[in-house]
Structure formats: structure tokens, C-alpha cells
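**Q** input33.cif is reproduced below (mmCIF, C-alpha atoms).
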data_final
loop_
_atom_site.label_atom_id
_atom_site.label_comp_id
_atom_site.auth_asym_id
_atom_site.auth_seq_id
_atom_site.Cartn_x
_atom_site.Cartn_y
_atom_site.Cartn_z
CA MET A 39 0.00 0.00 0.00
CA LYS A 40 1.27 3.46 -0.88
CA LYS A 41 2.19 5.77 1.99
CA THR A 42 2.42 9.48 2.68
CA TYR A 43 5.93 10.68 3.55
CA TYR A 44 6.51 13.72 5.76
CA LEU A 45 9.70 15.78 5.37
CA PHE A 46 10.15 17.98 8.44
CA ASN A 47 13.58 19.39 7.62
CA PRO A 48 14.82 21.56 4.74
CA GLY A 49 16.81 19.53 2.26
CA ARG A 50 17.60 18.43 -1.25
CA MET A 51 15.80 15.72 -3.18
CA SER A 52 16.94 13.87 -6.26
CA ARG A 53 16.04 10.71 -8.10
CA LYS A 54 18.08 7.63 -8.79
CA ASP A 55 16.25 5.00 -10.86
CA ASN A 56 13.00 4.34 -8.93
CA THR A 57 14.20 5.74 -5.62
CA LEU A 58 13.91 9.25 -4.17
CA LYS A 59 16.94 10.46 -2.25
CA PHE A 60 16.33 13.14 0.38
CA ILE A 61 19.29 14.79 2.13
CA PRO A 62 18.31 16.99 5.11
CA VAL A 63 20.28 20.23 5.45
CA ASP A 64 20.53 22.17 8.73
CA GLU A 65 20.59 25.96 9.16
CA ASN A 66 24.39 25.97 8.78
CA GLY A 67 24.25 24.13 5.46
CA SER A 68 25.55 20.86 6.87
CA GLU A 69 24.09 17.72 5.34
CA GLY A 70 22.48 14.99 7.42
CA GLN A 71 21.95 11.30 6.81
CA PRO A 72 20.29 10.65 3.43
CA LYS A 73 16.85 9.07 3.39
CA TYR A 74 15.93 6.75 0.52
CA ILE A 75 12.27 6.41 -0.46
CA PRO A 76 11.09 3.79 -3.01
CA VAL A 77 8.87 5.58 -5.53
CA GLU A 78 6.37 2.73 -5.87
CA GLY A 79 5.48 3.10 -2.18
CA VAL A 80 4.72 6.86 -2.24
CA SER A 81 1.32 8.52 -2.62
CA ASP A 82 2.13 12.04 -1.37
CA LEU A 83 5.04 14.07 0.02
CA PHE A 84 4.43 16.67 2.75
CA CYS A 85 7.22 19.26 2.97
CA PHE A 86 7.45 21.36 6.13
CA GLY A 87 10.83 22.79 5.19
CA ALA A 88 12.34 24.19 1.99
CA LEU A 89 12.79 21.52 -0.69
CA ASP A 90 15.56 21.96 -3.22
CA ALA A 91 14.69 19.95 -6.35
CA ASN A 92 14.96 20.46 -10.11
CA SER A 93 12.34 20.25 -12.85
CA ALA A 94 13.51 16.78 -13.88
CA LEU A 95 12.47 15.47 -10.47
CA TYR A 96 9.02 17.07 -10.69
CA ASN A 97 8.56 15.62 -14.18
CA PHE A 98 9.35 12.23 -12.71
CA LEU A 99 7.01 12.74 -9.74
CA GLY A 100 4.24 13.83 -12.10
CA LYS A 101 4.57 10.71 -14.21
CA ALA A 102 4.59 8.59 -11.06
CA GLY A 103 1.37 10.27 -9.84
CA ILE A 104 3.00 11.66 -6.67
CA ALA A 105 1.71 14.97 -5.26
CA VAL A 106 3.93 17.28 -3.19
CA HIS A 107 2.32 19.58 -0.60
CA PHE A 108 4.18 22.58 0.85
CA PHE A 109 3.82 24.40 4.19
CA ASP A 110 5.45 27.55 5.54
CA TYR A 111 7.21 28.21 8.84
CA TYR A 112 3.88 28.61 10.63
CA GLU A 113 2.67 25.26 9.19
CA HIS A 114 0.17 26.98 6.90
CA TYR A 115 -0.56 25.20 3.67
CA THR A 116 0.99 27.23 0.81
CA GLY A 117 0.37 25.06 -2.25
CA SER A 118 0.77 21.73 -4.01
CA PHE A 119 2.47 20.21 -6.98
CA GLN A 120 -0.20 17.96 -8.45
CA PRO A 121 0.28 15.45 -11.27
CA LYS A 122 -1.74 16.07 -14.42
CA GLU A 123 -5.49 16.01 -13.71
CA TYR A 124 -6.22 12.91 -15.70
CA LEU A 125 -9.72 12.29 -14.30
CA LEU A 126 -11.31 15.68 -14.93
CA ALA A 127 -14.35 15.33 -17.19
CA GLY A 128 -16.14 18.05 -19.13
CA LYS A 129 -19.65 16.93 -18.19
CA MET A 130 -18.79 16.93 -14.48
CA GLN A 131 -17.20 20.37 -14.66
CA ILE A 132 -20.27 21.80 -16.41
CA GLU A 133 -22.70 20.24 -13.92
CA GLN A 134 -20.58 21.25 -10.93
CA THR A 135 -20.48 24.84 -12.18
CA LYS A 136 -24.24 24.85 -12.78
CA ARG A 137 -24.82 23.64 -9.19
CA TYR A 138 -22.70 26.51 -7.92
CA ILE A 139 -24.42 29.15 -10.07
CA ASP A 140 -27.94 27.98 -9.13
CA LYS A 141 -28.48 29.63 -5.72
CA LYS A 142 -31.09 27.11 -4.59
CA LYS A 143 -29.02 24.06 -5.55
CA ARG A 144 -25.87 25.55 -4.04
CA MET A 145 -27.65 26.24 -0.74
CA GLU A 146 -29.00 22.69 -0.75
CA LEU A 147 -25.47 21.28 -0.78
CA ALA A 148 -24.02 23.91 1.56
CA ARG A 149 -26.64 23.06 4.21
CA LYS A 150 -25.68 19.40 4.00
CA PHE A 151 -21.99 20.16 4.68
CA VAL A 152 -22.90 22.22 7.74
CA SER A 153 -25.43 19.68 9.05
CA GLY A 154 -22.90 16.84 8.66
CA ALA A 155 -20.23 18.83 10.49
CA ALA A 156 -22.64 19.82 13.27
CA PHE A 157 -23.77 16.22 13.78
CA ASN A 158 -20.20 14.94 14.04
CA MET A 159 -19.22 17.68 16.47
CA GLY A 160 -22.24 16.77 18.58
CA LYS A 161 -21.25 13.12 18.44
CA ASN A 162 -17.90 13.97 20.03
CA LEU A 163 -19.60 15.83 22.88
CA ARG A 164 -22.09 13.01 23.47
CA TYR A 165 -19.17 10.60 23.87
CA TYR A 166 -17.78 12.65 26.75
CA ILE A 167 -21.21 13.39 28.22
CA ASN A 168 -21.65 9.61 28.53
CA ARG A 169 -18.38 9.64 30.48
CA ASP A 170 -19.67 12.12 33.02
CA LYS A 171 -18.34 15.33 31.45
CA ASP A 172 -20.67 18.27 32.11
CA LEU A 173 -21.10 19.30 28.47
CA SER A 174 -24.88 18.98 28.07
CA PRO A 175 -25.52 22.77 28.23
CA ILE A 176 -22.96 23.33 25.44
CA LEU A 177 -24.51 20.57 23.31
CA GLU A 178 -27.95 22.11 23.79
CA VAL A 179 -26.75 25.49 22.51
CA MET A 180 -25.14 23.78 19.51
CA GLU A 181 -28.36 21.93 18.71
CA ASN A 182 -30.32 25.18 18.89
CA TYR A 183 -27.98 26.71 16.32
CA ALA A 184 -28.14 23.55 14.19
CA GLY A 185 -31.93 23.91 14.13
CA LEU A 186 -31.43 27.10 12.09
CA ILE A 187 -29.56 25.39 9.24
CA GLU A 188 -32.57 24.38 7.15
CA GLY A 189 -34.04 27.86 7.37
CA ALA A 190 -30.92 29.63 6.11
CA ASN A 191 -31.41 31.16 2.67
CA ALA A 192 -28.02 32.77 2.03
CA ILE A 193 -24.45 31.50 2.22
CA ASP A 194 -23.37 34.31 4.56
CA GLU A 195 -26.22 33.44 6.92
CA LEU A 196 -25.30 29.75 6.80
CA MET A 197 -21.62 30.48 7.42
CA GLY A 198 -22.63 32.54 10.43
CA ILE A 199 -24.62 29.62 11.83
CA GLU A 200 -21.70 27.27 11.20
CA GLY A 201 -19.36 29.71 12.94
CA ASN A 202 -21.62 29.88 16.00
CA ILE A 203 -21.87 26.08 16.17
CA ARG A 204 -18.10 25.66 15.96
CA GLN A 205 -17.35 28.45 18.44
CA THR A 206 -19.76 26.87 20.92
CA TYR A 207 -18.23 23.45 20.27
CA TYR A 208 -14.71 24.76 20.90
CA SER A 209 -15.85 26.08 24.27
CA ALA A 210 -16.21 22.42 25.32
CA PHE A 211 -12.55 21.60 24.70
CA ASP A 212 -11.38 22.87 28.09
CA GLY A 213 -13.80 20.42 29.69
CA ILE A 214 -12.50 17.51 27.61
CA VAL A 215 -8.72 17.82 27.54
CA SER A 216 -6.24 17.54 30.37
CA ALA A 217 -6.19 20.43 32.84
CA ASP A 218 -2.57 21.04 31.79
CA PHE A 219 -3.90 22.81 28.69
CA GLN A 220 -6.47 25.54 28.16
CA MET A 221 -7.89 26.60 24.81
CA GLU A 222 -9.70 29.77 25.87
CA ASN A 223 -10.59 31.22 22.43
CA ARG A 224 -9.90 29.98 18.91
CA SER A 225 -6.86 31.75 17.48
CA LYS A 226 -4.90 31.20 14.29
CA ARG A 227 -2.34 32.78 11.98
CA PRO A 228 -0.55 32.27 14.29
CA PRO A 229 -2.18 30.16 17.04
CA GLN A 230 -1.73 31.56 20.54
CA ASN A 231 -1.60 28.36 22.61
CA GLU A 232 -1.10 24.61 22.45
CA ILE A 233 -4.66 23.52 21.67
CA ASN A 234 -4.97 26.12 18.93
CA ALA A 235 -1.64 24.98 17.49
CA LEU A 236 -2.92 21.39 17.34
CA ILE A 237 -6.22 22.46 15.74
CA SER A 238 -4.43 24.47 13.05
CA PHE A 239 -1.95 21.69 12.31
CA GLY A 240 -4.62 18.97 12.26
CA ASN A 241 -7.06 21.00 10.15
CA MET A 242 -4.31 21.59 7.61
CA LEU A 243 -3.65 17.83 7.38
CA CYS A 244 -7.37 17.16 6.97
CA TYR A 245 -7.74 19.80 4.25
CA THR A 246 -4.78 18.38 2.32
CA LEU A 247 -6.08 14.82 2.66
CA CYS A 248 -9.46 15.91 1.28
CA LEU A 249 -7.71 17.65 -1.60
CA SER A 250 -5.77 14.46 -2.40
CA GLN A 251 -8.94 12.38 -2.43
CA ILE A 252 -10.79 14.91 -4.61
CA TYR A 253 -7.93 14.64 -7.09
CA HIS A 254 -8.75 10.95 -7.56
CA THR A 255 -12.31 11.76 -8.68
CA GLN A 256 -13.85 13.80 -11.49
CA LEU A 257 -14.62 16.72 -9.17
CA ASN A 258 -13.00 20.10 -9.70
CA PRO A 259 -11.47 21.15 -6.34
CA THR A 260 -11.81 24.88 -7.09
CA ILE A 261 -15.63 24.85 -7.44
CA SER A 262 -17.20 24.73 -3.99
CA PHE A 263 -20.60 25.29 -2.40
CA LEU A 264 -20.26 26.31 1.26
CA HIS A 265 -16.98 28.22 1.03
CA GLU A 266 -16.61 30.83 -1.66
CA PRO A 267 -14.35 29.75 -4.52
CA GLY A 268 -11.25 31.92 -4.33
CA TYR A 269 -8.21 32.70 -6.38
CA ARG A 270 -5.61 29.93 -6.01
CA ARG A 271 -7.69 28.10 -3.42
CA TYR A 272 -9.04 24.53 -3.50
CA SER A 273 -12.22 25.50 -1.71
CA LEU A 274 -14.11 22.23 -2.30
CA ALA A 275 -11.57 20.57 0.01
CA LEU A 276 -12.61 23.07 2.69
CA ASP A 277 -16.25 22.04 2.23
CA ILE A 278 -15.56 18.33 2.61
CA ALA A 279 -13.08 18.83 5.45
CA GLU A 280 -15.83 20.38 7.59
CA ILE A 281 -17.44 16.94 7.90
CA PHE A 282 -14.27 15.09 8.83
CA LYS A 283 -12.41 17.50 11.11
CA PRO A 284 -14.41 16.47 14.21
CA LEU A 285 -13.81 12.76 13.51
CA LEU A 286 -10.16 12.90 12.54
CA VAL A 287 -8.55 16.06 13.93
CA ASP A 288 -10.46 16.73 17.14
CA ARG A 289 -10.50 13.13 18.34
CA ILE A 290 -6.73 12.96 17.87
CA ILE A 291 -6.29 16.19 19.86
CA PHE A 292 -8.33 14.81 22.75
CA ARG A 293 -6.25 11.62 22.68
CA VAL A 294 -2.75 13.11 22.47
CA LEU A 295 -3.36 15.61 25.26
CA ASN A 296 -5.25 13.31 27.62
CA LYS A 297 -2.79 10.46 27.13
CA LYS A 298 0.18 12.87 27.25
CA GLU A 299 1.44 11.66 23.88
CA ILE A 300 2.14 15.33 23.17
CA GLN A 301 3.25 17.50 26.08
CA SER A 302 4.22 21.13 26.73
CA LYS A 303 7.82 20.39 25.77
CA ASP A 304 6.63 19.58 22.24
CA PHE A 305 5.56 23.19 21.58
CA ASP A 306 7.61 26.22 20.65
CA HIS A 307 6.32 29.17 22.67
CA GLN A 308 7.17 32.57 21.23
CA LEU A 309 6.02 36.10 22.00
CA ASN A 310 2.81 36.02 19.97
CA SER A 311 2.53 32.44 18.80
CA CYS A 312 2.65 28.78 19.76
CA LEU A 313 3.75 26.18 17.23
CA LEU A 314 4.47 22.48 17.31
CA LYS A 315 8.12 21.52 17.48
CA GLU A 316 9.36 18.75 15.22
CA SER A 317 8.83 16.23 18.03
CA GLY A 318 5.19 17.30 18.33
CA ARG A 319 4.59 17.24 14.58
CA LYS A 320 6.08 13.76 14.31
CA ALA A 321 3.94 12.48 17.19
CA PHE A 322 0.77 13.98 15.72
CA VAL A 323 1.53 12.70 12.21
CA ARG A 324 2.21 9.18 13.51
CA ILE A 325 -1.21 9.04 15.18
CA TRP A 326 -2.83 10.79 12.20
CA GLU A 327 -1.55 8.05 9.87
CA GLU A 328 -2.82 5.38 12.25
CA ARG A 329 -6.21 7.05 12.35
CA ILE A 330 -6.80 7.62 8.64
CA ASN A 331 -5.68 4.06 7.83
CA GLU A 332 -7.83 2.54 10.59
CA THR A 333 -10.68 0.48 9.17
CA PHE A 334 -14.27 0.04 10.26
CA LYS A 335 -17.32 -1.75 8.85
CA HIS A 336 -19.18 0.69 6.62
CA PRO A 337 -22.88 0.76 7.55
CA VAL A 338 -24.02 0.87 3.90
CA LEU A 339 -21.30 -1.02 2.03
CA LYS A 340 -21.15 -3.72 4.74
CA ARG A 341 -17.39 -4.06 4.30
CA ASN A 342 -14.33 -2.63 6.00
CA VAL A 343 -13.05 0.72 4.74
CA SER A 344 -10.41 3.11 6.05
CA TYR A 345 -11.15 6.69 7.05
CA LYS A 346 -8.91 7.79 4.19
CA HIS A 347 -11.03 5.83 1.73
CA LEU A 348 -14.16 7.12 3.44
CA ILE A 349 -13.29 10.63 2.25
CA LYS A 350 -13.00 9.37 -1.32
CA LEU A 351 -16.40 7.70 -0.94
CA GLU A 352 -17.76 11.07 0.19
CA CYS A 353 -16.43 12.59 -3.03
CA TYR A 354 -18.13 9.84 -5.05
CA LYS A 355 -21.44 10.56 -3.29
CA LEU A 356 -21.06 14.24 -4.15
CA THR A 357 -20.31 13.30 -7.76
CA LYS A 358 -23.52 11.29 -8.00
CA HIS A 359 -25.52 14.15 -6.52
CA ILE A 360 -24.10 16.68 -8.98
CA LEU A 361 -24.86 14.37 -11.91
CA GLY A 362 -28.43 13.90 -10.65
CA MET A 363 -27.97 10.19 -9.90
CA GLU A 364 -28.44 10.13 -6.13
CA GLU A 365 -29.14 12.64 -3.36
CA TYR A 366 -26.05 13.52 -1.36
CA LYS A 367 -26.15 12.70 2.34
CA PRO A 368 -23.13 13.75 4.40
CA PHE A 369 -21.33 11.11 6.43
CA LYS A 370 -22.55 11.10 10.03
CA ALA A 371 -20.64 9.02 12.53
CA ARG A 372 -22.64 6.48 14.49
CA TRP A 373 -19.94 5.75 17.05
#
Before anything else, please render the file you have as C-alpha cells.
**A**
Amino acid sequence: MKKTYYLFNPGRMSRKDNTLKFIPVDENGSEGQPKYIPVEGVSDLFCFGALDANSALYNFLGKAGIAVHFFDYYEHYTGSFQPKEYLLAGKMQIEQTKRYIDKKKRMELARKFVSGAAFNMGKNLRYYINRDKDLSPILEVMENYAGLIEGANAIDELMGIEGNIRQTYYSAFDGIVSADFQMENRSKRPPQNEINALISFGNMLCYTLCLSQIYHTQLNPTISFLHEPGYRRYSLALDIAEIFKPLLVDRIIFRVLNKKEIQSKDFDHQLNSCLLKESGRKAFVRIWEERINETFKHPVLKRNVSYKHLIKLECYKLTKHILGMEEYKPFKARW
């Protein structure tokens, strides 16, 4: 099975036959131990440091179907090298565009993304309520906001409802995670504390995973329904990520902090920001990979699928909806 490889250090990459050679380089220009990666085992490369590579390497990666995703110092996603979009289809692009232009049809899909996200956030809170966490008042407020989704008639109004649901949901984090950490308010660009740093890092991984799965379908990642399509932004990945962030990102955050798999020493505290150190990123990524490759019995397909494949299935459901074959229903966790 192909794997995602994470490169946390700046370095140089070259190709020799069917092997990628990565040489990490420190801030003084000194080279570290080379890492050899067999091409046939790679699906994506995540680069958290500067990557020095020539066009011949990218030509090779493109032919091998390997995407490369880049992130800046603050771990913000900055862009991707994607192989040629060999699955894009004219009919799908036309229908997807028509769904976006038609206000009623766009709102229909946008509501489904928000309702799926709200349900999965609520599912997380119910799990901890059943374990004697006093989160019922927060869940009640969320459900009141969720009751407004179907009545929303404009994207701005719907985004406001989604923002209120998520803000209320985040207020439960301090009651879920270890007392060693406090979230207070959501902050980003840059995050102000440890929980916010984990949310930003995890959300970025989820967004990029959704983008990778969209790439393997006929969907155009730049034409979205909840989020506004923007210049140089794969906004459809933002739409789909809303559904899966509670199941993938937030559950990992609760685990790593409560089980002390990531601790205060794994964060870099600066004057106005808090970022994960390399040790923290590696720990999170290790558990992230375990999570997205974990399998469960799909309630409809009646066979085991991974969470990673589940996102691709979500894209297929969206494809069928856009083509008028089947109504789209967002994935809602039952456990």
C-alpha cells in the first residue's frame, strides 16, 4: 500500500532510478543522513521545510502520480504540486459549475456540509457526556444553532450559523482535555496556545487529505458550495473537510493531550505564537496516519473501509448528486 511521507527538515531531493533520495540540510548548510524512499510506495510528500529539487524530479514525480504539498514556517498550507489532472471530465465540470451558479441548488449542498459537520461535532460531545463530562448545556446550545440550518437562505447566513456552532463546540474543549492545557478562544495565523496549534496543524492535514482524495475523482477542487471559490484556493476541500475535522482532527487532539502523547515540551512558545516543534509534529503525524488508515465496517457497504477511503467515498457521493444520480447525504458518525 502506498504511503504518505513527511519531510520535516529543509533539504535536497533527487532521483536515482526508482528511488527518491532526500538529504536533510541544517541551518548551517551541513548535510544529514540521506533518506531513501522507493517511488512505488509513495502517494504524497508533505514538505514542512524548503525543498531543493529540479524540474527533472518534478517531471518524474508527475509521471509517477506523486503529489507534493508545501507548508510555511507557521505550518500553513501554501500550495501543491499535483500530477496532471487525468480524471477531470467536461460533463462533471459543467454540472458542478451549474450547481454553484444555481443559488437554490448551491444552498442545498451547503446546508448538507454544515449539518454533517454539526452532527459529528455533537457526536464527540455526546461521547464525553456519557463519560460524566458536564457538556450537556454546550450541546444544547449547539443543537439550537443547528436547528437554524434548514431555514438559512443565504451563504453568509449559513456560514454565520456554522461559525456559531463551531465556536460553541470549541468552548467544550477545556472540559474535555487535560487540565494542563487551556484553549480559551480559537486563534490562528498564528495560534496563541497549544490547543490552537494542534487544531491548526490537524485541520491543515485534513484539508490536504481531502484535496488528495478529490484529485482521484472527477470533481474540480476549485468549485465549492459552502466556502466561496477563491483565487488559487481549492475550496471544495474546505467544504468536505468540515465533515471530517471532528472525527479525525479533534478526536486525535483529545487523545494526544489526555494520554500525554504530546506535552508542553513539544511546543515552541514565542512572544505572539505557539507552534508544534518537530517532536510534536512527528507524534501527531504518527497518530494521524494510524487514524486515517484505521478500518471500520461501513454501515451501507457492509465491508471494511479506512477513514482515508471514506473521504474518497464522500467525493463519489457528491459526484452522483451533482450528476443527478443520487441525493447527497453527508457522512454522520454512528460511534
**Q** Given the choices A:Gly79, A:Phe282, A:Ala192, A:Lys367, which gets closest to A:Leu247 if the distance is worked out from all atoms listed in the file?
**A**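 That would be A:Phe282, the residue with the smallest distance to A:Leu247.
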**Q** Which one is closest to A:Glu365: A:Ile187, A:Leu274, A:Val152, A:Leu147? Count all atoms listed in the file.
**A**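 Among A:Ile187, A:Leu274, A:Val152, A:Leu147, it is A:Leu147 that comes nearest to A:Glu365.
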**Q** If the PyMOL selection byres ((chain A and resi 161-173) around 12) is run on the structure shown, which residues does it catch, given as a ChimeraX atom specification?
**A** /A:154-160,174-181,206-215,281-292,370-373
**Q** Could you jot down the atom CA of A:Gly240 to atom CA of A:Trp326 separation for me, Å, one decimal place?
**A**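 So the two atoms, atom CA of A:Gly240 and atom CA of A:Trp326, lie 8.4 Å apart.
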**Q** Counting all atoms listed in the file, figure out which residue out of A:Met242, A:Ile325, A:Leu249, A:Leu257 gets nearest to A:Phe109.
**A**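 The answer is A:Met242, which sits nearest to A:Phe109.
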**Q** How far is it from atom CA of A:Lys142 to atom CA of A:Glu364, in Å with one decimal?
**A** 17.3 Å
**Q** Excluding A:Ile278 and any residue of its chain fewer than 5 positions from it, enumerate the residues within 8 Å of it, using all atoms listed in the file, and give them as a list in words.
**A**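 With the cut-off at 8 Å, the set is Phe151, Cys248 and Glu352 of chain A.
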**Q** Given the file shown, determine the residues that the PyMOL selection byres ((chain A and resi 231) around 10) selects; report them as a list in words.
**A**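 What the PyMOL selection byres ((chain A and resi 231) around 10) grabs from the file is Phe219, Gln220, Met221, Glu222, Asn223, Arg224, Ser225, Lys226, Pro228, Pro229, Gln230, Glu232, Ile233, Asn234, Ala235, Leu236, Phe305, Asp306, His307, Gln308, Asn310, Ser311, Cys312, Leu313 and Leu314 of chain A.
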**Q** Carefully work through the PyMOL selection byres ((chain A and resi 332) around 9) for this structure and note down the residues it includes, as a short mmCIF file (atom, residue, chain, number, x, y, z; two decimals) with C-alpha atoms, in the frame of the given file.
**A**
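Once everything was written out, this is part29.cif:
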data_model
loop_
_atom_site.label_atom_id
_atom_site.label_comp_id
_atom_site.auth_asym_id
_atom_site.auth_seq_id
_atom_site.Cartn_x
_atom_site.Cartn_y
_atom_site.Cartn_z
CA GLU A 327 -1.55 8.05 9.87
CA GLU A 328 -2.82 5.38 12.25
CA ARG A 329 -6.21 7.05 12.35
CA ILE A 330 -6.80 7.62 8.64
CA ASN A 331 -5.68 4.06 7.83
CA THR A 333 -10.68 0.48 9.17
CA PHE A 334 -14.27 0.04 10.26
CA VAL A 343 -13.05 0.72 4.74
CA SER A 344 -10.41 3.11 6.05
CA TYR A 345 -11.15 6.69 7.05
CA LYS A 346 -8.91 7.79 4.19
#
**Q** Of the candidates A:Ile237, A:Ala217, A:Ile349, A:Leu264, which shows the shortest atom-to-atom distance to A:Asp194, using all atoms listed in the file?
**A**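 Residue with the minimum atom-to-atom distance to A:Asp194: A:Leu264.
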**Q** Mind checking which residues fall within 9 Å of A:Glu146, counting all atoms listed in the file, ignoring those fewer than 5 positions away in the same chain, and posting them as a list in words?
**A**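 So, after excluding close chain neighbours, the residues are Lys141, Glu188 and Phe263 of chain A.
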**Q** Selection from above, C-alpha atoms, as a PDB file, in the frame of the given file, can you write it?
**A**
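Contents of result.pdb, as written:
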ATOM      1  CA  LYS A 141     -28.480  29.630  -5.720  1.00  0.00           C
ATOM      2  CA  GLU A 188     -32.570  24.380   7.150  1.00  0.00           C
ATOM      3  CA  PHE A 263     -20.600  25.290  -2.400  1.00  0.00           C
TER       4      PHE A 263
END
**Q** What is the atom CA of A:Ala94 to atom CA of A:Lys54 distance in Å?
**A**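 Calculated distance between atom CA of A:Ala94 and atom CA of A:Lys54 is 11.4 Å.
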**Q** Tell me which of A:Pro267, A:Ser273, A:Glu195, A:Gln256 sits closest to A:Glu133, counting all atoms listed in the file.
**A**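 Using all atoms listed in the file, the shortest distance to A:Glu133 belongs to A:Gln256.
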**Q** Tell me, as a list in words, which residues lie within 10 Å of A:Tyr354, counting all atoms listed in the file; anything in the same chain fewer than 5 positions away does not count.
**A** Gln251, Ile252, His254, Thr255, Gln256, Leu257, Leu348, Ile349, His359, Ile360 and Tyr366 of chain A
**Q** Please, could you write that set of residues out with C-alpha atoms as a JSON list (two decimals), in the frame of the given file?
**A**
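Okay, out_16.json is ready:
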[["chain", "number", "residue", "atom", "x", "y", "z"],
["A", 251, "GLN", "CA", -8.94, 12.38, -2.43],
["A", 252, "ILE", "CA", -10.79, 14.91, -4.61],
["A", 254, "HIS", "CA", -8.75, 10.95, -7.56],
["A", 255, "THR", "CA", -12.31, 11.76, -8.68],
["A", 256, "GLN", "CA", -13.85, 13.80, -11.49],
["A", 257, "LEU", "CA", -14.62, 16.72, -9.17],
["A", 348, "LEU", "CA", -14.16, 7.12, 3.44],
["A", 349, "ILE", "CA", -13.29, 10.63, 2.25],
["A", 359, "HIS", "CA", -25.52, 14.15, -6.52],
["A", 360, "ILE", "CA", -24.10, 16.68, -8.98],
["A", 366, "TYR", "CA", -26.05, 13.52, -1.36]]
**Q** Of the candidates A:Gly128, A:Ile61, A:Lys122, A:Glu280, which one gets nearest to A:Gly201 if we count only C-alpha atoms?
**A**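 Result for the nearest residue to A:Gly201: A:Glu280.
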**Q** With N, CA and C atoms as the goal, would you fill in the gaps in stretch 60-73 of chain A and present it as a CSV table (one decimal), in the coordinates of the input?
**A**
chain,number,residue,atom,x,y,z
A,60,PHE,N,16.5,11.9,-0.3
A,60,PHE,CA,16.3,13.1,0.4
A,60,PHE,C,17.5,13.3,1.4
A,61,ILE,N,18.2,14.5,1.2
A,61,ILE,CA,19.3,14.8,2.1
A,61,ILE,C,18.9,16.0,3.0
A,62,PRO,N,18.7,15.8,4.3
A,62,PRO,CA,18.3,17.0,5.1
A,62,PRO,C,19.5,17.9,5.3
A,63,VAL,N,19.2,19.2,5.3
A,63,VAL,CA,20.3,20.2,5.4
A,63,VAL,C,19.9,21.1,6.6
A,64,ASP,N,20.8,21.3,7.6
A,64,ASP,CA,20.5,22.2,8.7
A,64,ASP,C,20.8,23.6,8.4
A,65,GLU,N,20.5,24.5,9.4
A,65,GLU,CA,20.6,26.0,9.2
A,65,GLU,C,22.0,26.4,8.8
A,66,ASN,N,23.0,25.6,9.1
A,66,ASN,CA,24.4,26.0,8.8
A,66,ASN,C,24.8,25.4,7.4
A,67,GLY,N,23.9,24.7,6.8
A,67,GLY,CA,24.2,24.1,5.5
A,67,GLY,C,24.9,22.8,5.5
A,68,SER,N,25.0,22.2,6.7
A,68,SER,CA,25.6,20.9,6.9
A,68,SER,C,24.5,19.8,6.5
A,69,GLU,N,25.0,18.8,5.8
A,69,GLU,CA,24.1,17.7,5.3
A,69,GLU,C,23.9,16.6,6.4
A,70,GLY,N,22.7,16.1,6.5
A,70,GLY,CA,22.5,15.0,7.4
A,70,GLY,C,22.5,13.7,6.7
A,71,GLN,N,22.0,12.6,7.4
A,71,GLN,CA,22.0,11.3,6.8
A,71,GLN,C,20.9,11.2,5.7
A,72,PRO,N,21.3,10.7,4.5
A,72,PRO,CA,20.3,10.6,3.4
A,72,PRO,C,19.2,9.7,3.8
A,73,LYS,N,18.0,10.0,3.2
A,73,LYS,CA,16.8,9.1,3.4
A,73,LYS,C,16.4,8.6,2.0
